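What follows is one structure encoded as structure tokens, with my remarks underneath.
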Amino acid sequence: MELELNFASDAVCFPGAILERLHEADALVLKVLLILCADRTLRGNSEQIVSALQNVLSAEKDELEKALVFLTGAGVLQDASIRAKRIAVKKIKSVAPSDTVSIKTAEETTNEEKKQAVMPVSLPEYTSEQMAKLIDQTPSYKVIIDETQKICGRIFSPTEISRVIGLADYLKLDFEHILMLFAFCKKRGKTSVAYIVKTAYSLYNQGVDTRSAMEQYVKDAESLDSFSGKVRSVFGLGERAFTAKEKEIIASWTQHDVSEEMMRKAYEITVDNIGKTSFAYTNKVLMNWQQAGYKTLADVEEAIQNYQSSKQSKTSFETDEFFEAALRRGLEKLSEASAES
């Protein structure tokens, strides 16, 4: 009997990269590969793909995720956002150095693509042979491994070394970026490579994927840490962790350049009026001062004195009424400035 393939009206194509690691693939990996190649709708978000595969195959979620990780490590699958970034980088490099307008446009396009990036299941897993080959081809990878081990104060396991290489080889993060990332996490008491890699992916999906972007992120984080310490002092919080809402409010204060003395005054008004601490109430006080144009504590003190003088019959300081008066004063200032100009 002579046999031949029967393609009928359809054919399924496989990425040639799988052939190099076919001997390592188990039955589930091959089934997943077959389904992915046959069904073109299974593209995009990895969690959605795993969910769709569960409807077809009798396999647990973690087993399917491992199969996707294997296929990613084999070069069969890739993160679409990474591919888009590489294409954009090639476009930038193909532009003449003097054509700054075109370069800027390409960078802006890349940033838009990064905003829509979806974190894949995991970094690809490299075999010992693959890691040795990559290090041989790119000697700087060995330097990266040595320096990150020094930062963490220990020798990495093969799995951890694979992850560090993945940051450079797969995410294309440069040497300084990776070292800054490890130093940043170490300063916060985090030396787990798994944690640092997760942080790298999170930052990457926020657009922090260059040395300069990482430098700015670290600078902003340190500034926020310093300001958060002042908030703890003013509010008497000790070591209690901030809630998500409190973190959001504190971040907004740093963006509005709220000084420690202004924050302390707003805190005192909060406690005087409601008898307890409240980030939301203090934030309302500060934002109303912002809208009224009060930039210093002297501005606030003057406004309070003027208000209290005009309301001597009042036995207490009514904050809501003060807000309205402050806002009116701010609008009057704007009107005067407009008239003068």
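Every chain in the structure tokens takes a letter, A first, then B, and so on in the order presented; its residues are numbered from 1, and the ligands are numbered from 1 following the presented order.
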
May I have the residues within 10 Å of A:Ala74 as an mmCIF file with N, CA, C and O atoms, in the first residue's frame, using only C-alpha atoms and disregarding those fewer than 6 positions away in the same chain?
```
data_model
loop_
_atom_site.group_PDB
_atom_site.id
_atom_site.type_symbol
_atom_site.label_atom_id
_atom_site.label_comp_id
_atom_site.auth_asym_id
_atom_site.auth_seq_id
_atom_site.Cartn_x
_atom_site.Cartn_y
_atom_site.Cartn_z
ATOM 1 N N ALA A 17 10.396 26.075 13.775
ATOM 2 C CA ALA A 17 11.182 26.107 15.009
ATOM 3 C C ALA A 17 10.913 24.910 15.908
ATOM 4 O O ALA A 17 11.776 24.513 16.702
ATOM 5 N N ILE A 18 9.742 24.303 15.788
ATOM 6 C CA ILE A 18 9.387 23.184 16.664
ATOM 7 C C ILE A 18 10.256 21.965 16.397
ATOM 8 O O ILE A 18 10.464 21.122 17.285
ATOM 9 N N LEU A 19 10.790 21.846 15.189
ATOM 10 C CA LEU A 19 11.566 20.659 14.828
ATOM 11 C C LEU A 19 12.809 20.506 15.693
ATOM 12 O O LEU A 19 13.219 19.387 16.008
ATOM 13 N N GLU A 20 13.432 21.647 16.112
ATOM 14 C CA GLU A 20 14.649 21.574 16.910
ATOM 15 C C GLU A 20 14.406 21.016 18.311
ATOM 16 O O GLU A 20 15.308 20.466 18.933
ATOM 17 N N ARG A 21 13.175 21.149 18.802
ATOM 18 C CA ARG A 21 12.875 20.674 20.161
ATOM 19 C C ARG A 21 11.746 19.658 20.167
ATOM 20 O O ARG A 21 11.099 19.424 21.187
ATOM 21 N N LEU A 22 11.524 19.049 19.014
ATOM 22 C CA LEU A 22 10.445 18.075 18.899
ATOM 23 C C LEU A 22 10.645 16.894 19.840
ATOM 24 O O LEU A 22 9.689 16.342 20.401
ATOM 25 N N GLU A 24 11.736 16.981 22.758
ATOM 26 C CA GLU A 24 11.416 17.349 24.131
ATOM 27 C C GLU A 24 9.918 17.525 24.363
ATOM 28 O O GLU A 24 9.453 17.582 25.502
ATOM 29 N N ALA A 25 9.153 17.617 23.274
ATOM 30 C CA ALA A 25 7.721 17.895 23.382
ATOM 31 C C ALA A 25 6.940 16.651 23.782
ATOM 32 O O ALA A 25 7.138 15.568 23.214
ATOM 33 N N LEU A 68 2.164 26.159 26.744
ATOM 34 C CA LEU A 68 2.378 27.429 26.042
ATOM 35 C C LEU A 68 3.764 27.991 26.327
ATOM 36 O O LEU A 68 4.411 28.570 25.447
ATOM 37 N N PRO A 124 10.220 32.642 28.341
ATOM 38 C CA PRO A 124 10.547 31.333 27.784
ATOM 39 C C PRO A 124 11.573 30.622 28.657
ATOM 40 O O PRO A 124 12.400 31.259 29.309
ATOM 41 N N GLU A 125 11.517 29.303 28.690
ATOM 42 C CA GLU A 125 12.484 28.519 29.457
ATOM 43 C C GLU A 125 13.593 28.043 28.518
ATOM 44 O O GLU A 125 13.330 27.359 27.527
ATOM 45 N N TYR A 126 14.814 28.414 28.845
ATOM 46 C CA TYR A 126 15.948 28.024 28.020
ATOM 47 C C TYR A 126 16.601 26.766 28.582
ATOM 48 O O TYR A 126 16.754 26.632 29.800
ATOM 49 N N THR A 127 16.995 25.878 27.709
ATOM 50 C CA THR A 127 17.736 24.696 28.148
ATOM 51 C C THR A 127 19.178 25.112 28.440
ATOM 52 O O THR A 127 19.610 26.217 28.068
#
```

List every residue of stretch 213-269 of chain A that DSSP, applied to the backbone of this structure, assigns to alpha helix (DSSP H), and report them as a compact mmCIF listing (two decimals) with all heavy atoms, in the first residue's frame.
```txt
# COMPACT_ATOMS: atom_id res chain seq x y z
N ALA A 213 13.72 55.40 30.79
CA ALA A 213 12.40 55.25 31.41
C ALA A 213 12.53 54.64 32.80
O ALA A 213 11.82 55.02 33.73
CB ALA A 213 11.50 54.39 30.53
N MET A 214 13.47 53.69 32.95
CA MET A 214 13.69 53.06 34.25
C MET A 214 14.29 54.06 35.22
O MET A 214 13.91 54.09 36.41
CB MET A 214 14.61 51.85 34.09
CG MET A 214 14.74 51.01 35.36
SD MET A 214 13.17 50.22 35.80
CE MET A 214 13.48 49.81 37.53
N GLU A 215 15.20 54.89 34.76
CA GLU A 215 15.79 55.92 35.61
C GLU A 215 14.71 56.86 36.15
O GLU A 215 14.70 57.20 37.33
CB GLU A 215 16.82 56.73 34.81
CG GLU A 215 18.16 56.05 34.63
CD GLU A 215 19.13 56.91 33.85
OE1 GLU A 215 18.67 57.90 33.23
OE2 GLU A 215 20.33 56.61 33.85
N GLN A 216 13.81 57.28 35.27
CA GLN A 216 12.74 58.18 35.68
C GLN A 216 11.79 57.50 36.65
O GLN A 216 11.33 58.11 37.62
CB GLN A 216 11.97 58.66 34.45
CG GLN A 216 10.93 59.75 34.75
CD GLN A 216 11.55 61.00 35.34
OE1 GLN A 216 12.54 61.53 34.82
NE2 GLN A 216 10.98 61.48 36.45
N TYR A 217 11.51 56.20 36.40
CA TYR A 217 10.61 55.45 37.29
C TYR A 217 11.21 55.37 38.69
O TYR A 217 10.51 55.57 39.69
CB TYR A 217 10.38 54.06 36.74
CG TYR A 217 9.50 53.21 37.63
CD1 TYR A 217 8.12 53.30 37.57
CD2 TYR A 217 10.06 52.33 38.56
CE1 TYR A 217 7.30 52.55 38.40
CE2 TYR A 217 9.26 51.57 39.41
CZ TYR A 217 7.89 51.68 39.31
OH TYR A 217 7.10 50.94 40.15
N VAL A 218 12.51 55.06 38.77
CA VAL A 218 13.19 54.96 40.07
C VAL A 218 13.19 56.31 40.78
O VAL A 218 12.93 56.39 41.98
CB VAL A 218 14.63 54.45 39.88
CG1 VAL A 218 15.41 54.55 41.20
CG2 VAL A 218 14.63 53.00 39.39
N LYS A 219 13.45 57.37 40.02
CA LYS A 219 13.46 58.71 40.60
C LYS A 219 12.09 59.07 41.17
O LYS A 219 11.97 59.58 42.28
CB LYS A 219 13.86 59.73 39.52
CG LYS A 219 13.93 61.16 40.02
CD LYS A 219 14.34 62.10 38.88
CE LYS A 219 14.36 63.55 39.36
NZ LYS A 219 14.74 64.48 38.25
N ASP A 220 11.04 58.78 40.39
CA ASP A 220 9.67 59.08 40.85
C ASP A 220 9.30 58.24 42.07
O ASP A 220 8.65 58.73 43.00
CB ASP A 220 8.67 58.81 39.72
CG ASP A 220 8.81 59.79 38.56
OD1 ASP A 220 9.43 60.85 38.77
OD2 ASP A 220 8.30 59.50 37.47
N ALA A 221 9.71 56.96 42.05
CA ALA A 221 9.39 56.07 43.16
C ALA A 221 10.08 56.53 44.45
O ALA A 221 9.49 56.51 45.52
CB ALA A 221 9.82 54.64 42.82
N GLU A 222 11.35 56.95 44.33
CA GLU A 222 12.08 57.43 45.51
C GLU A 222 11.47 58.73 46.04
O GLU A 222 11.40 58.94 47.26
CB GLU A 222 13.55 57.63 45.16
CG GLU A 222 14.29 56.32 44.91
CD GLU A 222 15.74 56.52 44.48
OE1 GLU A 222 16.07 57.68 44.11
OE2 GLU A 222 16.51 55.55 44.50
N SER A 223 11.03 59.59 45.13
CA SER A 223 10.39 60.83 45.54
C SER A 223 9.08 60.54 46.28
O SER A 223 8.77 61.16 47.30
CB SER A 223 10.11 61.71 44.31
OG SER A 223 9.39 62.87 44.67
N LEU A 224 8.34 59.56 45.74
CA LEU A 224 7.07 59.19 46.37
C LEU A 224 7.32 58.55 47.74
O LEU A 224 6.57 58.79 48.69
CB LEU A 224 6.30 58.22 45.47
CG LEU A 224 4.92 57.78 45.97
CD1 LEU A 224 4.00 58.98 46.18
CD2 LEU A 224 4.28 56.80 44.98
N ASP A 225 8.38 57.73 47.84
CA ASP A 225 8.72 57.11 49.12
C ASP A 225 9.03 58.17 50.16
O ASP A 225 8.60 58.09 51.32
CB ASP A 225 9.94 56.19 48.95
CG ASP A 225 9.59 54.90 48.24
OD1 ASP A 225 8.39 54.60 48.12
OD2 ASP A 225 10.51 54.20 47.80
N SER A 226 9.79 59.20 49.76
CA SER A 226 10.15 60.28 50.67
C SER A 226 8.90 61.04 51.12
O SER A 226 8.73 61.33 52.31
CB SER A 226 11.12 61.24 49.99
OG SER A 226 11.40 62.35 50.82
N PHE A 227 8.03 61.33 50.17
CA PHE A 227 6.80 62.05 50.50
C PHE A 227 5.88 61.19 51.37
O PHE A 227 5.24 61.69 52.30
CB PHE A 227 6.08 62.46 49.23
CG PHE A 227 4.89 63.36 49.45
CD1 PHE A 227 5.06 64.71 49.71
CD2 PHE A 227 3.60 62.85 49.42
CE1 PHE A 227 3.97 65.54 49.93
CE2 PHE A 227 2.51 63.67 49.63
CZ PHE A 227 2.69 65.03 49.89
N SER A 228 5.84 59.89 51.09
CA SER A 228 5.00 58.98 51.88
C SER A 228 5.45 58.96 53.33
O SER A 228 4.63 58.84 54.25
CB SER A 228 5.06 57.56 51.29
OG SER A 228 4.50 57.54 49.99
N GLY A 229 6.77 59.09 53.55
CA GLY A 229 7.29 59.15 54.91
C GLY A 229 6.77 60.38 55.64
O GLY A 229 6.44 60.31 56.83
N LYS A 230 6.69 61.50 54.92
CA LYS A 230 6.15 62.72 55.51
C LYS A 230 4.67 62.55 55.84
O LYS A 230 4.19 63.04 56.87
CB LYS A 230 6.35 63.89 54.57
CG LYS A 230 7.81 64.24 54.30
CD LYS A 230 7.95 65.35 53.28
CE LYS A 230 9.43 65.66 53.00
NZ LYS A 230 9.57 66.69 51.95
N VAL A 231 3.94 61.87 54.96
CA VAL A 231 2.51 61.62 55.20
C VAL A 231 2.33 60.78 56.47
O VAL A 231 1.47 61.06 57.30
CB VAL A 231 1.87 60.90 54.00
CG1 VAL A 231 0.43 60.50 54.31
CG2 VAL A 231 1.90 61.78 52.76
N ARG A 232 3.17 59.76 56.62
CA ARG A 232 3.10 58.91 57.82
C ARG A 232 3.33 59.74 59.08
O ARG A 232 2.65 59.54 60.09
CB ARG A 232 4.16 57.80 57.74
CG ARG A 232 3.85 56.73 56.71
CD ARG A 232 4.86 55.60 56.79
NE ARG A 232 4.57 54.58 55.80
CZ ARG A 232 3.63 53.67 55.93
NH1 ARG A 232 2.90 53.63 57.03
NH2 ARG A 232 3.42 52.78 54.99
N SER A 233 4.30 60.66 58.99
CA SER A 233 4.61 61.49 60.14
C SER A 233 3.44 62.40 60.51
O SER A 233 3.05 62.50 61.67
CB SER A 233 5.86 62.33 59.85
OG SER A 233 6.11 63.24 60.90
N VAL A 234 2.85 63.04 59.50
CA VAL A 234 1.75 63.97 59.73
C VAL A 234 0.52 63.24 60.26
O VAL A 234 -0.13 63.68 61.21
CB VAL A 234 1.40 64.73 58.44
CG1 VAL A 234 0.09 65.50 58.60
CG2 VAL A 234 2.52 65.69 58.05
N PHE A 235 0.19 62.11 59.67
CA PHE A 235 -1.01 61.36 60.03
C PHE A 235 -0.79 60.40 61.20
O PHE A 235 -1.73 59.78 61.69
CB PHE A 235 -1.55 60.59 58.83
CG PHE A 235 -2.31 61.43 57.84
CD1 PHE A 235 -1.63 62.29 56.97
CD2 PHE A 235 -3.69 61.37 57.76
CE1 PHE A 235 -2.31 63.08 56.06
CE2 PHE A 235 -4.38 62.15 56.85
CZ PHE A 235 -3.70 63.01 56.00
N ALA A 244 -5.12 51.05 48.96
CA ALA A 244 -5.01 51.41 47.55
C ALA A 244 -5.51 52.84 47.31
O ALA A 244 -4.91 53.61 46.55
CB ALA A 244 -5.80 50.42 46.70
N LYS A 245 -6.62 53.20 47.98
CA LYS A 245 -7.18 54.54 47.81
C LYS A 245 -6.24 55.59 48.39
O LYS A 245 -6.05 56.67 47.79
CB LYS A 245 -8.55 54.62 48.51
CG LYS A 245 -9.26 55.96 48.30
CD LYS A 245 -9.56 56.21 46.84
CE LYS A 245 -10.31 57.52 46.64
NZ LYS A 245 -10.55 57.81 45.21
N GLU A 246 -5.63 55.30 49.53
CA GLU A 246 -4.69 56.23 50.15
C GLU A 246 -3.48 56.45 49.24
O GLU A 246 -2.99 57.57 49.10
CB GLU A 246 -4.26 55.72 51.52
CG GLU A 246 -5.35 55.81 52.58
CD GLU A 246 -5.00 55.11 53.87
OE1 GLU A 246 -4.02 54.31 53.87
OE2 GLU A 246 -5.69 55.32 54.87
N LYS A 247 -2.98 55.36 48.64
CA LYS A 247 -1.85 55.48 47.71
C LYS A 247 -2.20 56.38 46.53
O LYS A 247 -1.39 57.19 46.08
CB LYS A 247 -1.44 54.10 47.20
CG LYS A 247 -0.78 53.21 48.24
CD LYS A 247 -0.43 51.85 47.64
CE LYS A 247 0.23 50.94 48.66
NZ LYS A 247 0.53 49.61 48.09
N GLU A 248 -3.43 56.22 46.05
CA GLU A 248 -3.88 57.05 44.93
C GLU A 248 -3.92 58.52 45.31
O GLU A 248 -3.49 59.39 44.54
CB GLU A 248 -5.28 56.57 44.50
CG GLU A 248 -5.85 57.32 43.31
CD GLU A 248 -7.25 56.84 42.95
OE1 GLU A 248 -7.57 55.66 43.25
OE2 GLU A 248 -8.03 57.64 42.40
N ILE A 249 -4.43 58.81 46.50
CA ILE A 249 -4.52 60.20 46.98
C ILE A 249 -3.12 60.79 47.18
O ILE A 249 -2.83 61.92 46.77
CB ILE A 249 -5.33 60.28 48.29
CG1 ILE A 249 -6.81 59.97 48.01
CG2 ILE A 249 -5.19 61.65 48.93
CD1 ILE A 249 -7.66 59.87 49.26
N ILE A 250 -2.23 60.02 47.81
CA ILE A 250 -0.86 60.49 48.06
C ILE A 250 -0.15 60.79 46.75
O ILE A 250 0.56 61.79 46.62
CB ILE A 250 -0.07 59.44 48.88
CG1 ILE A 250 -0.65 59.34 50.30
CG2 ILE A 250 1.41 59.82 48.96
CD1 ILE A 250 -0.12 58.18 51.10
N ALA A 251 -0.34 59.91 45.76
CA ALA A 251 0.28 60.13 44.44
C ALA A 251 -0.23 61.44 43.83
O ALA A 251 0.54 62.18 43.20
CB ALA A 251 -0.03 58.95 43.52
N SER A 252 -1.51 61.73 44.01
CA SER A 252 -2.07 62.98 43.46
C SER A 252 -1.47 64.19 44.16
O SER A 252 -1.27 65.24 43.55
CB SER A 252 -3.60 62.99 43.58
OG SER A 252 -4.02 63.22 44.91
N TRP A 253 -1.16 64.06 45.46
CA TRP A 253 -0.55 65.18 46.19
C TRP A 253 0.85 65.48 45.66
O TRP A 253 1.24 66.64 45.58
CB TRP A 253 -0.50 64.87 47.69
CG TRP A 253 -1.85 64.84 48.35
CD1 TRP A 253 -3.04 65.26 47.81
CD2 TRP A 253 -2.15 64.35 49.66
NE1 TRP A 253 -4.06 65.06 48.70
CE2 TRP A 253 -3.55 64.51 49.86
CE3 TRP A 253 -1.40 63.80 50.68
CZ2 TRP A 253 -4.20 64.13 51.04
CZ3 TRP A 253 -2.04 63.42 51.86
CH2 TRP A 253 -3.42 63.59 52.04
N THR A 254 1.58 64.42 45.33
CA THR A 254 2.92 64.65 44.78
C THR A 254 2.82 65.33 43.41
O THR A 254 3.64 66.17 43.07
CB THR A 254 3.71 63.34 44.65
OG1 THR A 254 3.03 62.45 43.74
CG2 THR A 254 3.86 62.65 45.99
N GLN A 255 1.81 64.96 42.63
CA GLN A 255 1.63 65.57 41.31
C GLN A 255 1.26 67.04 41.42
O GLN A 255 1.60 67.84 40.55
CB GLN A 255 0.54 64.81 40.55
CG GLN A 255 0.93 63.39 40.16
CD GLN A 255 -0.23 62.59 39.63
OE1 GLN A 255 -1.34 63.10 39.47
NE2 GLN A 255 0.00 61.33 39.33
N GLU A 260 4.67 69.80 52.79
CA GLU A 260 4.39 69.15 54.07
C GLU A 260 3.60 70.07 54.99
O GLU A 260 2.68 69.63 55.69
CB GLU A 260 5.70 68.74 54.74
CG GLU A 260 5.49 67.99 56.05
CD GLU A 260 6.79 67.54 56.69
OE1 GLU A 260 7.87 67.77 56.08
OE2 GLU A 260 6.73 66.97 57.79
N GLU A 261 3.92 71.36 55.00
CA GLU A 261 3.22 72.28 55.89
C GLU A 261 1.76 72.48 55.48
O GLU A 261 0.87 72.60 56.34
CB GLU A 261 3.96 73.62 55.95
CG GLU A 261 4.13 74.31 54.62
CD GLU A 261 4.89 75.63 54.72
OE1 GLU A 261 5.45 75.92 55.80
OE2 GLU A 261 4.93 76.35 53.71
N MET A 262 1.50 72.49 54.17
CA MET A 262 0.11 72.60 53.69
C MET A 262 -0.67 71.35 54.06
O MET A 262 -1.83 71.41 54.49
CB MET A 262 0.10 72.80 52.18
CG MET A 262 0.66 74.13 51.71
SD MET A 262 -0.53 75.47 51.83
CE MET A 262 -1.43 75.27 50.30
N MET A 263 -0.01 70.18 53.90
CA MET A 263 -0.66 68.93 54.25
C MET A 263 -0.96 68.87 55.75
O MET A 263 -2.05 68.43 56.16
CB MET A 263 0.25 67.75 53.86
CG MET A 263 -0.26 66.37 54.26
SD MET A 263 0.76 65.04 53.62
CE MET A 263 2.39 65.50 54.24
N ARG A 264 -0.02 69.34 56.56
CA ARG A 264 -0.23 69.32 58.02
C ARG A 264 -1.40 70.23 58.41
O ARG A 264 -2.21 69.87 59.26
CB ARG A 264 1.05 69.76 58.73
CG ARG A 264 1.00 69.59 60.24
CD ARG A 264 2.33 69.96 60.87
NE ARG A 264 3.41 69.10 60.42
CZ ARG A 264 3.66 67.89 60.94
NH1 ARG A 264 2.89 67.42 61.92
NH2 ARG A 264 4.67 67.18 60.49
N LYS A 265 -1.49 71.41 57.77
CA LYS A 265 -2.59 72.32 58.08
C LYS A 265 -3.93 71.71 57.68
O LYS A 265 -4.92 71.80 58.44
CB LYS A 265 -2.38 73.64 57.33
CG LYS A 265 -3.42 74.71 57.68
CD LYS A 265 -3.32 75.11 59.15
CE LYS A 265 -4.30 76.21 59.50
NZ LYS A 265 -4.23 76.58 60.94
N ALA A 266 -3.97 71.07 56.51
CA ALA A 266 -5.21 70.44 56.05
C ALA A 266 -5.59 69.29 56.98
O ALA A 266 -6.78 69.06 57.26
CB ALA A 266 -5.03 69.92 54.63
N TYR A 267 -4.59 68.59 57.49
CA TYR A 267 -4.84 67.49 58.44
C TYR A 267 -5.44 68.04 59.73
O TYR A 267 -6.41 67.48 60.27
CB TYR A 267 -3.52 66.77 58.73
CG TYR A 267 -3.58 65.85 59.93
CD1 TYR A 267 -4.17 64.59 59.84
CD2 TYR A 267 -3.04 66.24 61.16
CE1 TYR A 267 -4.23 63.74 60.95
CE2 TYR A 267 -3.10 65.41 62.27
CZ TYR A 267 -3.69 64.16 62.15
OH TYR A 267 -3.76 63.33 63.25
N GLU A 268 -4.88 69.15 60.23
CA GLU A 268 -5.40 69.74 61.47
C GLU A 268 -6.85 70.20 61.30
O GLU A 268 -7.68 70.00 62.19
CB GLU A 268 -4.51 70.92 61.87
CG GLU A 268 -3.11 70.51 62.33
CD GLU A 268 -2.19 71.69 62.54
OE1 GLU A 268 -2.62 72.84 62.23
OE2 GLU A 268 -1.05 71.49 63.00
N ILE A 269 -7.16 70.80 60.16
CA ILE A 269 -8.53 71.24 59.89
C ILE A 269 -9.47 70.03 59.83
O ILE A 269 -10.60 70.08 60.32
CB ILE A 269 -8.60 72.04 58.56
CG1 ILE A 269 -7.92 73.39 58.76
CG2 ILE A 269 -10.03 72.21 58.09
CD1 ILE A 269 -7.83 74.22 57.50
```

Contact check, stretch 148-187 of chain A to stretch 134-143 of chain A, at most 8 Å, counting only C-alpha atoms, closest pairs as a tab-separated table:
```
residue	atom	partner	partner_atom	distance
A:Ile165	CA	A:Tyr141	CA	6.6
A:Ala168	CA	A:Tyr141	CA	7.6
A:Phe175	CA	A:Ser140	CA	7.9
```

Query raised in the report: By how many Å are atom CA of A:Val12 and atom CA of A:Ala38 apart?
Result: 5.7 Å
